[in-house]
Structures are given as structure tokens and as C-alpha cells.
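Q: Sharing a structure, written as C-alpha cells. Questions coming.
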2 protein chains.
Amino acid sequence: MGRFMMNSSTSGCRVDRLVSVLMESLHNKHVETWSSDGNISTCPFQVWMYCRLYRTMDRFHKPEILEAAKAGGEFLRKFARVSTSSGQWKCAFCLTRDGKAVKIQRTIFSECFYIMAMDELSRTTGDKDMQLEAEQMMEQLIYWVRVDSSGLGRPQLPGDVATNSMAIPMMLLCLVQQLTEGRGQEVVQKYRELGRWCVQQILQHMQRDGTAILENVSLDGQELPGCQGRLQNPGHALEAGWFLIQYSAEWGDDDLQRTAIDKFVELPYQNGWDKEHGGLFYFLDVDGHCPTQLEWSMKLWWPHCEALIAFLMAYSQTKKPELLDRFSQVYEYTFSHFPDAKSGEWFGYLTQEGKVALDFKGGPFKGFFHVPRCLYMCERILDDLLANKD
Amino acid sequence: MGRFMMNSSTSGCRVDRLVSVLMESLHNKHVETWSSDGNISTCPFQVWMYCRLYRTMDRFHKPEILEAAKAGGEFLRKFARVSTSSGQWKCAFCLTRDGKAVKIQRTIFSECFYIMAMDELSRTTGDKDMQLEAEQMMEQLIYWVRVDSSGLGRPQLPGDVATNSMAIPMMLLCLVQQLTEGRGQEVVQKYRELGRWCVQQILQHMQRDGTAILENVSLDGQELPGCQGRLQNPGHALEAGWFLIQYSAEWGDDDLQRTAIDKFVELPYQNGWDKEHGGLFYFLDVDGHCPTQLEWSMKLWWPHCEALIAFLMAYSQTKKPELLDRFSQVYEYTFSHFPDAKSGEWFGYLTQEGKVALDFKGGPFKGFFHVPRCLYMCERILDDLLANKD
């Protein structure tokens, strides 16, 4: 930490302060479920988060957290999987409170979240059957992505050309890291090639001579025509960034680490930060046109969560002080805008100017995930930094 | 017009001025197609609008408008219909420029728009086959809505309980009016029962002792639980309002006219108008909670178009001066916020405060429809008012 102490305007004391603030935030978080009124979307990520906290952090190693996670897991296992007409298993995107499927998306994401929950729960309870089930769903998912997507239920239309959408390889890479973390060589090798493929697919989103990360590219890594091709999602790129940093650390790949930090952390920040009002835009058009998404200029909580993790992880790997400065800048904006000082928790949706635009704490797309994962990841990284300071 | 001249603060001169302003707006409108970059969504409503203008307004009776409409109609007829695995015809929601289907929605709306275009084009060209085709698609559509929706492609899920969503009966009523307008008794009688059913379905959205129009209700007309049940869409209610006024005029139903004006025009305006910044909210929660739609507080062009038609039609039917005052109020907001004084056309999306939030004139959901239909309808009504002034 010597270099950091000497070169950076942000001092070690500052890191200590951040740690204590973050820890306090995490301590104060209300661990609660959310329900969208009549229908309950027991978010698999909530199960994942409870298990992760219970399993890896002493102060969350409480029976009520384990019980809530197990109850959620049982609910998901019993009701979330739906057999389709193609004979494959899909997962419901939304269920009623008593477990009836309301909607099944024609994408892979509900299944990804299911795998995350099942694998993490199996690690917590030691349930090998559950781990096996997660791996079986993973096989199904890989088949959809890499062999035949017809089981997803989308009619095959001649104009619906397959594209490389950032979310797919990102999500799969996240799953590879989940399924292999701390497991034996056999499992690591099983997913080795898939991990490499994910990284290569993510890197294809680096476009225009490395000056932009585009959300959608062609399957052979070319820019797509139209507004779909010009779309940037800075928060998504930053999230991919820390997935890549994590992967590069795991495999000792310095080139990838450099690319991840320069192109998937620093660049989306440069392109996506609102110089006038602060905060990260939700969507941008790489040519400066107006995106077609009505919410493009809003400031959402989750891109800021992902940016905090990405910059702190980038700093922890490189000790470059400018990365910690950037973390502090994102931190200042985030913690002065999103937390609700009066009633706790974070608001999720601000106007471009930083005013709260939607005042609920939990909703169809905001559950117990991005905020606690961010605080958890940041605390872990800060702990490591402090432990290795001298 | 005597009563109007004497009782209203808005004078006959004012109506004249409105007519001339609106006529000028209509004259200055650029009749152009829009394309969403790579993919072209030849909006069937654009074909409908061209035909309607060509057929009913002398100054638009130009060969280039007819040719554009016919070209659009041929494109749609050749490419938009897609045979599904159930053996039924669906219409693509989006096509590539060369006519390949990109997306088929699991709803009835693309088919509704197709019927609108085909029927209006058949009226313009006298093509009886095309009229027949529109009526055949209409039969298919009625079957989906009233008998069996499985052909739409949604898997039947136990938690996916059918609801009465305002859009469905509204759209069907619009189609009934399209298919029967000016046609013989045989056709009128054919759709008589359906028209009555649509009206009854729309009226079910009047809830809470007639103090609110809710966007989604149960099939037996009860309020639904949760945020879906509490949702209000003032622009939609206002559009339904003028459909109902039109229907009540056609069938001489004074009770329905009163309900339409009080509950589907005046009430959504009262509940939906932003008292602080002016303009109609996009979505509201009837209990005053924050809607879950990120764009809830934005001011969109189309609810204002529908409000203009609704209030002017309500005034023309009743000659109640307060309705013309209301029209003027909406008019002032609309024409001082949406038109682009510099480059023509209207912006579509403003922030709550009235700032342009998205600066494009045409996009995935803004084509040649709501603005010209509004100007067209208002001009027709104003013409009638002026013609019957003395």
C-alpha cells in the first residue's frame, strides 16, 4: 500500500473511512423480501445473496438468514421450473404468491438466476442434488446459447438475425465463476472452454478502434446497423469490466486485466458519466444521437453499484491511485443521491438532474441484489486492502 | 352556436383562430415515412392516415399520397402476414427493409393495425378483395379475443389469469367503427353486437364509484390487486372517451354520451393533469403511489393529441363552453411544448417539467399517426362547428 499512501490524494485514512461507512451501510440494510403486490417474484438473486452473506460473513451467519434462503430455494425449486412443450425446462420470470407461473420469458435469464440461487444454496447447505440440478440447468442453457435456441420458444423468423448481446456472455461468465469458485480441477476444467468463449464474446463488444463498448454486435464481432448497433449501456459495460478483472486475476492474464480496466471500466465511465449533472447515464448512442429508450438519461442505482465494484477492484489489482480517485468520485455521487436518509435503503431511479423520479425501494427490477452485492464486494476488497496495507 | 357565443369566455373568433392554426399545422406537416434505421416498420397506421387524408380532404387528394399508401399497403400485404405453427395468420410487429419478419408479438395489436390499413386502403382504391381480407382477419381477431387466445402463441400458464385490459376493447371498437363507417346495414348489423360488447368492456374500467378509470380490471369488471390494478393511463382513457362519444352519437345514446364525457374525458383530465408543470402524466397510480413504469411522469405527445380530439368532440356534441375552455388549455400546453419551431414536426417525449427528453421526431412508437389524426379530427370538428355557427 506504500505507493497508494504516497502518490494518491486519497489517503489510507480515507480508505478506512470508506470501509467503515460501507460496513455501516451493510449493517443497516434491512434484510427483507419484496413482493410486487399480488404477484411475488421471489428473486433467485435474493436467495443467492442471503446464502453468500450467511456463508462468507460472520455477522450474517444467522439462522434467520439461512432459513429465509432455504425457504426461497424450496419455493423456487417447487414452482419456478416449468416444463415446456419442447420437453425442456424453463423457469418462470414471475410467479403468484402461491406459486403459479405468470410469465415465462423467451430468453435465458430466469434460468441463469435459478442456477445462481441453486448453486449458492447447495454450497450453504451441502445439498449435492441441488448442485447437480444447477449443473444440469447449466447444460441446458449452454445448449440454448451455443447449439439451438429454439427451445426458448421464440419462433424462428427470417429477419430475426442472431446477435451477440452483451448480457449473454456476461451472464454465462458470471455463472462459470459461480459454479467453479473454490471447486476442484475437474469442475474448473469442465467450464474452462466456456469461460474463454465468454471472454472472447465480451471482448467483441469493444468497437471503433477501442473507443467504445457497444451493447449489441454481430455474431462475428462487427458493428450492427441502426440504433441497436449504436447502443451503449455504461453500467453493463462496467459490470462486464469487473467480471473480466476477476477472470484475469484467476488465470493470471495481465493483458486481459489491462484491457478490462482500460476499455470496460475507464472507457464506459468516460463515455457514460454526465459531465453536467454527475452520475452515469442509463443508455447512450455512440454517435451522440438520442437513444430510443425513454429512460436513457435517468440515473439508476445499479450502474453506480457496478461502477463502485469495478473501480475498487481495478484499484486493488493495480494500486493505481487514479482508479481510487475515480471510485471516490462515483462514491460521492452515489451516496449523496441514492440512499434514503430518512427511511433507509436506496432509491433506484433518479432524473438526469438527480431528483428521485420513482420513490419505491423494491420493484419489478429492484430487489435484494445490486445494492447488497456492491456493499459486500466493496467491503471484501477494502478489507483485503487494509489487511495488506503494510 | 348562440349559446357558445354568449356564455363562453372563448369566443367564436377564438374558434376561427384555432381552425386556422390547426389548418396551417396540417398544411405544414411533412408527409414522410419513418424508418428505425436498419429495420423498417412500415406503420400500417401510416397507410391508414394517407388513405384517410387522400380520400376525405381535397387538399390531400394528390397522386403521390395515394401512391405512397398503395406501396405501403402492397408491402404489408406481401410481407406482414406470417403463417404460424397453429395454422393461423399473425402479423409481424417489425420487418426488415426487404420484408423479413423480425418480431411477432403475442398480442392482437399488429393484426388490428393491419385491418385498419387494409380496410381504409380498400375504401380508397375500391379493392373488394382487400376489404374481404380485412374482414377475414377481423374474424380471426374476434376469435382470439372472445373464444380462444391460444393462437396468439402465449403459453397457457396457471398464474396468467386473463384480464380486461383497456387496449383490447378500445382497439376493437375502433375497428368496428372503421369497418362499418358509411357501409350498408348488413355490415353494420354484423358488428352490432361486438360494438355493444366493446362499450360494455370499456365501461368496466370505470371504478371506485366512478372516480377513476383504471387501465386493467378483471374479466367480470372488478378491480385487480396490486400495481397492475391501480394503474391509470389518462391518455388512453381520453382516447377511449372520444371513441365512446363517437359511438354514442352514431346510436343516439345520450346516457352513454354523458358517461363518456364525464368519466372518460373530464375525469382522466382531472386526475391526469399535472397541476404543477402542466401536461398529462403518462401513468399514475390511483392510490397516489409511484407507478413502476420508469417513464410515468413524462409528458408524451399522444395523450395530448387524444385529449384535444376528446374535448373538441365533447364540446361539439354538447356545446358546453367549459369543454372548449379545457380544449384551449390542452391546446396551449401542447402547441407551446411539442412542436419543433425550428425544424418542424413535433417532439414526442418531454420530462415532467416540459423539457424535450428525446429529440427524434419518428421512432419505434412515434410514426405518422397520432399527430396527423389529431389535426385531421380537430379540423373536421372545427369545420363542422363553423359551418353550423349561425
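Labels used: A, B, ... for chains in the order of the C-alpha cells, numbers from 1 for residues in each chain, and numbers from 1 for ligands as shown.
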Up to 10 Å from chain A, what residues of chain B turn up? Count only C-alpha atoms and give them as a PyMOL selection string.
A: chain B and resi 35-39+82+84-85+92+94-104+153-161+224-229+289-298+349-352+357-360+362-365
Q: Can you pull out the residues contacting segment 266-273 of chain B? Cut-off 9 Å, using only C-alpha atoms, and skip same-chain residues under 5 positions away; I want them as a PDB file with N, CA, C and O atoms, in the first residue's frame.
A:
ATOM      1  N   GLY B 210     -67.019   5.407  -9.719  1.00  0.00           N
ATOM      2  CA  GLY B 210     -66.946   6.373 -10.821  1.00  0.00           C
ATOM      3  C   GLY B 210     -65.952   7.499 -10.623  1.00  0.00           C
ATOM      4  O   GLY B 210     -66.028   8.522 -11.289  1.00  0.00           O
ATOM      5  N   THR B 211     -64.985   7.290  -9.721  1.00  0.00           N
ATOM      6  CA  THR B 211     -63.999   8.364  -9.502  1.00  0.00           C
ATOM      7  C   THR B 211     -62.675   8.122 -10.229  1.00  0.00           C
ATOM      8  O   THR B 211     -61.783   8.948 -10.157  1.00  0.00           O
ATOM      9  N   ALA B 212     -62.557   6.976 -10.902  1.00  0.00           N
ATOM     10  CA  ALA B 212     -61.296   6.704 -11.600  1.00  0.00           C
ATOM     11  C   ALA B 212     -61.516   5.743 -12.768  1.00  0.00           C
ATOM     12  O   ALA B 212     -62.389   4.873 -12.707  1.00  0.00           O
ATOM     13  N   ILE B 213     -60.728   5.938 -13.818  1.00  0.00           N
ATOM     14  CA  ILE B 213     -60.667   4.973 -14.913  1.00  0.00           C
ATOM     15  C   ILE B 213     -59.382   4.181 -14.727  1.00  0.00           C
ATOM     16  O   ILE B 213     -58.285   4.757 -14.738  1.00  0.00           O
ATOM     17  N   GLN B 232     -53.384   3.877 -13.851  1.00  0.00           N
ATOM     18  CA  GLN B 232     -54.182   4.780 -14.684  1.00  0.00           C
ATOM     19  C   GLN B 232     -53.321   5.257 -15.851  1.00  0.00           C
ATOM     20  O   GLN B 232     -52.142   5.555 -15.683  1.00  0.00           O
ATOM     21  N   ASN B 233     -53.922   5.356 -17.018  1.00  0.00           N
ATOM     22  CA  ASN B 233     -53.251   5.856 -18.215  1.00  0.00           C
ATOM     23  C   ASN B 233     -54.181   6.921 -18.818  1.00  0.00           C
ATOM     24  O   ASN B 233     -55.050   6.604 -19.635  1.00  0.00           O
ATOM     25  N   PRO B 234     -54.028   8.152 -18.355  1.00  0.00           N
ATOM     26  CA  PRO B 234     -55.003   9.193 -18.717  1.00  0.00           C
ATOM     27  C   PRO B 234     -55.187   9.362 -20.236  1.00  0.00           C
ATOM     28  O   PRO B 234     -56.319   9.542 -20.702  1.00  0.00           O
ATOM     29  N   GLY B 235     -54.103   9.277 -20.986  1.00  0.00           N
ATOM     30  CA  GLY B 235     -54.216   9.443 -22.432  1.00  0.00           C
ATOM     31  C   GLY B 235     -55.059   8.351 -23.066  1.00  0.00           C
ATOM     32  O   GLY B 235     -55.850   8.599 -23.993  1.00  0.00           O
ATOM     33  N   HIS B 236     -54.902   7.159 -22.565  1.00  0.00           N
ATOM     34  CA  HIS B 236     -55.669   6.030 -23.065  1.00  0.00           C
ATOM     35  C   HIS B 236     -57.151   6.199 -22.749  1.00  0.00           C
ATOM     36  O   HIS B 236     -58.016   5.927 -23.578  1.00  0.00           O
ATOM     37  N   ALA B 237     -57.438   6.637 -21.517  1.00  0.00           N
ATOM     38  CA  ALA B 237     -58.830   6.856 -21.112  1.00  0.00           C
ATOM     39  C   ALA B 237     -59.461   7.935 -21.985  1.00  0.00           C
ATOM     40  O   ALA B 237     -60.618   7.808 -22.426  1.00  0.00           O
ATOM     41  N   LEU B 238     -58.713   8.997 -22.266  1.00  0.00           N
ATOM     42  CA  LEU B 238     -59.222  10.079 -23.114  1.00  0.00           C
ATOM     43  C   LEU B 238     -59.482   9.591 -24.542  1.00  0.00           C
ATOM     44  O   LEU B 238     -60.465   9.989 -25.177  1.00  0.00           O
ATOM     45  N   ALA B 260     -69.458   9.061 -21.167  1.00  0.00           N
ATOM     46  CA  ALA B 260     -68.199   9.198 -21.905  1.00  0.00           C
ATOM     47  C   ALA B 260     -67.530  10.522 -21.565  1.00  0.00           C
ATOM     48  O   ALA B 260     -66.321  10.575 -21.287  1.00  0.00           O
ATOM     49  N   ILE B 261     -68.303  11.582 -21.570  1.00  0.00           N
ATOM     50  CA  ILE B 261     -67.712  12.907 -21.333  1.00  0.00           C
ATOM     51  C   ILE B 261     -67.312  13.088 -19.869  1.00  0.00           C
ATOM     52  O   ILE B 261     -66.200  13.529 -19.564  1.00  0.00           O
ATOM     53  N   GLY B 278     -48.092  21.439 -15.643  1.00  0.00           N
ATOM     54  CA  GLY B 278     -48.951  21.330 -16.818  1.00  0.00           C
ATOM     55  C   GLY B 278     -48.686  20.043 -17.577  1.00  0.00           C
ATOM     56  O   GLY B 278     -47.686  19.353 -17.357  1.00  0.00           O
ATOM     57  N   GLY B 279     -49.610  19.700 -18.461  1.00  0.00           N
ATOM     58  CA  GLY B 279     -49.458  18.490 -19.265  1.00  0.00           C
ATOM     59  C   GLY B 279     -50.025  17.267 -18.577  1.00  0.00           C
ATOM     60  O   GLY B 279     -50.259  17.265 -17.359  1.00  0.00           O
ATOM     61  N   LEU B 280     -50.249  16.231 -19.351  1.00  0.00           N
ATOM     62  CA  LEU B 280     -50.814  14.988 -18.837  1.00  0.00           C
ATOM     63  C   LEU B 280     -49.705  14.005 -18.485  1.00  0.00           C
ATOM     64  O   LEU B 280     -48.809  13.759 -19.292  1.00  0.00           O
ATOM     65  N   PHE B 281     -49.792  13.445 -17.293  1.00  0.00           N
ATOM     66  CA  PHE B 281     -48.866  12.373 -16.930  1.00  0.00           C
ATOM     67  C   PHE B 281     -49.100  11.169 -17.835  1.00  0.00           C
ATOM     68  O   PHE B 281     -50.209  10.953 -18.332  1.00  0.00           O
ATOM     69  N   TYR B 282     -48.054  10.356 -18.022  1.00  0.00           N
ATOM     70  CA  TYR B 282     -48.201   9.157 -18.843  1.00  0.00           C
ATOM     71  C   TYR B 282     -48.926   8.059 -18.046  1.00  0.00           C
ATOM     72  O   TYR B 282     -49.882   7.459 -18.529  1.00  0.00           O
ATOM     73  N   PHE B 283     -48.465   7.809 -16.832  1.00  0.00           N
ATOM     74  CA  PHE B 283     -49.101   6.809 -15.954  1.00  0.00           C
ATOM     75  C   PHE B 283     -49.275   7.398 -14.552  1.00  0.00           C
ATOM     76  O   PHE B 283     -48.456   8.207 -14.123  1.00  0.00           O
ATOM     77  N   LEU B 284     -50.298   6.940 -13.877  1.00  0.00           N
ATOM     78  CA  LEU B 284     -50.486   7.309 -12.473  1.00  0.00           C
ATOM     79  C   LEU B 284     -51.046   6.114 -11.713  1.00  0.00           C
ATOM     80  O   LEU B 284     -51.691   5.238 -12.303  1.00  0.00           O
ATOM     81  N   VAL B 286     -53.644   4.999  -8.836  1.00  0.00           N
ATOM     82  CA  VAL B 286     -54.880   5.597  -8.327  1.00  0.00           C
ATOM     83  C   VAL B 286     -54.810   5.891  -6.826  1.00  0.00           C
ATOM     84  O   VAL B 286     -55.502   6.780  -6.329  1.00  0.00           O
ATOM     85  N   ALA B 307     -56.380  14.015 -26.054  1.00  0.00           N
ATOM     86  CA  ALA B 307     -57.144  14.955 -25.222  1.00  0.00           C
ATOM     87  C   ALA B 307     -57.752  16.066 -26.078  1.00  0.00           C
ATOM     88  O   ALA B 307     -58.894  16.482 -25.856  1.00  0.00           O
ATOM     89  N   PHE B 311     -61.806  16.568 -26.097  1.00  0.00           N
ATOM     90  CA  PHE B 311     -62.501  17.768 -25.602  1.00  0.00           C
ATOM     91  C   PHE B 311     -63.229  18.508 -26.720  1.00  0.00           C
ATOM     92  O   PHE B 311     -64.324  19.031 -26.512  1.00  0.00           O
ATOM     93  N   LEU B 323     -66.055  22.835 -21.830  1.00  0.00           N
ATOM     94  CA  LEU B 323     -65.300  21.814 -22.567  1.00  0.00           C
ATOM     95  C   LEU B 323     -64.380  22.452 -23.606  1.00  0.00           C
ATOM     96  O   LEU B 323     -63.279  21.959 -23.875  1.00  0.00           O
ATOM     97  N   ARG B 326     -61.430  23.824 -21.757  1.00  0.00           N
ATOM     98  CA  ARG B 326     -60.495  22.739 -21.460  1.00  0.00           C
ATOM     99  C   ARG B 326     -59.658  22.405 -22.701  1.00  0.00           C
ATOM    100  O   ARG B 326     -58.448  22.207 -22.615  1.00  0.00           O
TER     101      ARG B 326
END
Q: Restricting the calculation to only C-alpha atoms, which member of B:Val47, B:Cys378, B:Leu203, B:Met116 is positioned closest to Val217 of chain B?
A: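 Ranked by minimum distance to Val217 of chain B, first place goes to B:Leu203.
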Q: Identify which of the residues B:Val356, B:Cys91, B:Cys198, B:Val265 lies closest to Ala167 of chain B, counting only C-alpha atoms when measuring atom-to-atom distances.
A: B:Cys198
Q: To test your reading of the structure, identify every residue in segment 181-339 of chain A that backbone DSSP assigns to strand (DSSP E or B), and report it as a ChimeraX atom specification.
A: /A:206-207,212-213,216-218,223,231-232,273,280,284-285,299-300,339
Q: Write a file of the selected residues as a CSV table (one decimal), in the first residue's frame, keeping all heavy atoms.
A:
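Printed below is result-v9.csv as written:
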chain,number,residue,atom,x,y,z
A,206,MET,N,-16.0,-4.4,-27.8
A,206,MET,CA,-15.0,-3.3,-27.9
A,206,MET,C,-15.0,-2.9,-29.4
A,206,MET,O,-14.6,-3.7,-30.3
A,206,MET,CB,-13.7,-3.8,-27.5
A,206,MET,CG,-12.8,-2.8,-26.9
A,206,MET,SD,-11.4,-3.6,-26.0
A,206,MET,CE,-10.9,-4.9,-27.1
A,207,GLN,N,-15.5,-1.7,-29.7
A,207,GLN,CA,-15.6,-1.4,-31.2
A,207,GLN,C,-15.0,0.0,-31.4
A,207,GLN,O,-14.5,0.7,-30.5
A,207,GLN,CB,-17.1,-1.3,-31.5
A,207,GLN,CG,-17.8,-2.7,-31.5
A,207,GLN,CD,-17.4,-3.5,-32.7
A,207,GLN,OE1,-17.2,-3.0,-33.8
A,207,GLN,NE2,-17.3,-4.8,-32.5
A,212,ALA,N,-15.1,2.6,-27.9
A,212,ALA,CA,-16.4,2.4,-27.3
A,212,ALA,C,-16.8,1.0,-27.1
A,212,ALA,O,-16.3,0.1,-27.8
A,212,ALA,CB,-17.5,3.0,-28.3
A,213,ILE,N,-17.6,0.7,-26.0
A,213,ILE,CA,-18.1,-0.6,-25.8
A,213,ILE,C,-19.6,-0.5,-26.2
A,213,ILE,O,-20.4,0.3,-25.7
A,213,ILE,CB,-18.1,-0.9,-24.3
A,213,ILE,CG1,-16.7,-0.9,-23.7
A,213,ILE,CG2,-18.7,-2.3,-24.0
A,213,ILE,CD1,-15.7,-1.8,-24.4
A,216,ASN,N,-24.6,-4.3,-28.4
A,216,ASN,CA,-25.0,-5.3,-29.4
A,216,ASN,C,-24.1,-5.3,-30.6
A,216,ASN,O,-23.9,-4.3,-31.2
A,216,ASN,CB,-26.5,-5.1,-29.9
A,216,ASN,CG,-27.5,-5.0,-28.7
A,216,ASN,OD1,-27.7,-5.9,-28.0
A,216,ASN,ND2,-28.0,-3.8,-28.5
A,217,VAL,N,-23.5,-6.5,-30.9
A,217,VAL,CA,-22.7,-6.6,-32.1
A,217,VAL,C,-23.1,-7.9,-32.8
A,217,VAL,O,-23.9,-8.6,-32.3
A,217,VAL,CB,-21.2,-6.7,-31.8
A,217,VAL,CG1,-20.7,-5.4,-31.1
A,217,VAL,CG2,-20.9,-7.8,-30.8
A,218,SER,N,-22.6,-8.0,-34.0
A,218,SER,CA,-23.0,-9.2,-34.8
A,218,SER,C,-22.2,-10.4,-34.2
A,218,SER,O,-21.3,-10.3,-33.4
A,218,SER,CB,-22.6,-9.0,-36.3
A,218,SER,OG,-21.2,-9.1,-36.4
A,223,GLU,N,-19.9,-4.2,-36.0
A,223,GLU,CA,-20.9,-3.3,-35.5
A,223,GLU,C,-22.2,-3.5,-36.3
A,223,GLU,O,-22.2,-3.8,-37.5
A,223,GLU,CB,-20.4,-1.9,-35.7
A,223,GLU,CG,-21.3,-0.9,-35.0
A,223,GLU,CD,-20.8,0.6,-35.1
A,223,GLU,OE1,-19.6,0.8,-35.0
A,223,GLU,OE2,-21.7,1.5,-35.1
A,231,LEU,N,-26.0,1.4,-29.6
A,231,LEU,CA,-26.4,1.5,-28.2
A,231,LEU,C,-25.2,1.2,-27.2
A,231,LEU,O,-24.5,0.3,-27.4
A,231,LEU,CB,-27.5,0.5,-27.9
A,231,LEU,CG,-28.2,0.6,-26.5
A,231,LEU,CD1,-28.9,2.0,-26.4
A,231,LEU,CD2,-29.1,-0.5,-26.2
A,232,GLN,N,-25.1,2.1,-26.3
A,232,GLN,CA,-24.1,1.9,-25.2
A,232,GLN,C,-24.9,1.8,-23.9
A,232,GLN,O,-25.9,2.6,-23.7
A,232,GLN,CB,-23.2,3.1,-25.1
A,232,GLN,CG,-22.2,3.2,-26.3
A,232,GLN,CD,-21.4,4.5,-26.2
A,232,GLN,OE1,-21.9,5.6,-26.2
A,232,GLN,NE2,-20.1,4.4,-26.0
A,273,TRP,N,-20.3,9.1,-18.1
A,273,TRP,CA,-20.6,10.0,-17.0
A,273,TRP,C,-21.2,11.3,-17.4
A,273,TRP,O,-20.7,11.9,-18.4
A,273,TRP,CB,-19.2,10.2,-16.2
A,273,TRP,CG,-19.4,10.9,-14.9
A,273,TRP,CD1,-19.2,12.3,-14.7
A,273,TRP,CD2,-19.8,10.4,-13.7
A,273,TRP,NE1,-19.5,12.6,-13.3
A,273,TRP,CE2,-19.8,11.4,-12.7
A,273,TRP,CE3,-20.1,9.1,-13.2
A,273,TRP,CZ2,-20.2,11.2,-11.4
A,273,TRP,CZ3,-20.5,8.9,-11.9
A,273,TRP,CH2,-20.5,9.9,-11.0
A,280,LEU,N,-24.0,8.3,-13.9
A,280,LEU,CA,-23.9,7.6,-15.1
A,280,LEU,C,-25.2,7.5,-15.9
A,280,LEU,O,-26.3,7.2,-15.3
A,280,LEU,CB,-23.5,6.1,-14.9
A,280,LEU,CG,-22.0,5.9,-14.4
A,280,LEU,CD1,-21.9,4.6,-13.7
A,280,LEU,CD2,-21.0,6.1,-15.5
A,284,LEU,N,-26.7,5.4,-23.9
A,284,LEU,CA,-26.2,6.4,-24.8
A,284,LEU,C,-26.1,5.9,-26.2
A,284,LEU,O,-25.9,4.7,-26.4
A,284,LEU,CB,-24.9,6.9,-24.3
A,284,LEU,CG,-24.9,7.8,-23.0
A,284,LEU,CD1,-23.5,8.0,-22.5
A,284,LEU,CD2,-25.6,9.2,-23.3
A,285,ASP,N,-26.1,6.7,-27.2
A,285,ASP,CA,-25.9,6.4,-28.6
A,285,ASP,C,-24.5,6.8,-28.9
A,285,ASP,O,-24.1,7.9,-28.6
A,285,ASP,CB,-26.9,7.1,-29.4
A,285,ASP,CG,-26.7,6.8,-30.9
A,285,ASP,OD1,-25.7,7.2,-31.5
A,285,ASP,OD2,-27.7,6.3,-31.5
A,299,LYS,N,-30.7,8.3,-14.0
A,299,LYS,CA,-29.6,7.8,-13.3
A,299,LYS,C,-30.2,6.6,-12.4
A,299,LYS,O,-31.0,6.9,-11.5
A,299,LYS,CB,-28.9,8.8,-12.4
A,299,LYS,CG,-28.6,10.1,-13.2
A,299,LYS,CD,-27.5,10.0,-14.2
A,299,LYS,CE,-27.4,11.1,-15.2
A,299,LYS,NZ,-27.1,12.4,-14.6
A,300,LEU,N,-29.7,5.4,-12.7
A,300,LEU,CA,-30.2,4.2,-12.0
A,300,LEU,C,-29.2,3.8,-10.9
A,300,LEU,O,-28.0,4.0,-11.1
A,300,LEU,CB,-30.5,3.1,-12.9
A,300,LEU,CG,-32.0,3.1,-13.5
A,300,LEU,CD1,-32.2,4.3,-14.4
A,300,LEU,CD2,-32.3,1.8,-14.3
A,339,PRO,N,-29.1,6.8,-1.4
A,339,PRO,CA,-29.6,6.3,-0.1
A,339,PRO,C,-30.7,7.3,0.4
A,339,PRO,O,-30.7,8.5,0.2
A,339,PRO,CB,-28.4,6.4,0.9
A,339,PRO,CG,-27.2,6.3,0.0
A,339,PRO,CD,-27.6,7.1,-1.3
Q: Taking 6 positions as the minimum chain separation for residues in the same chain, which residues sit within 10 Å of Ser316 of chain B when counting only C-alpha atoms? Answer as a list in words.
A: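 Near neighbours after the sequence-gap exclusion: Met1, Ala310, Leu323, Leu324, Ile381, Leu382, Asp384 and Leu385 of chain B.
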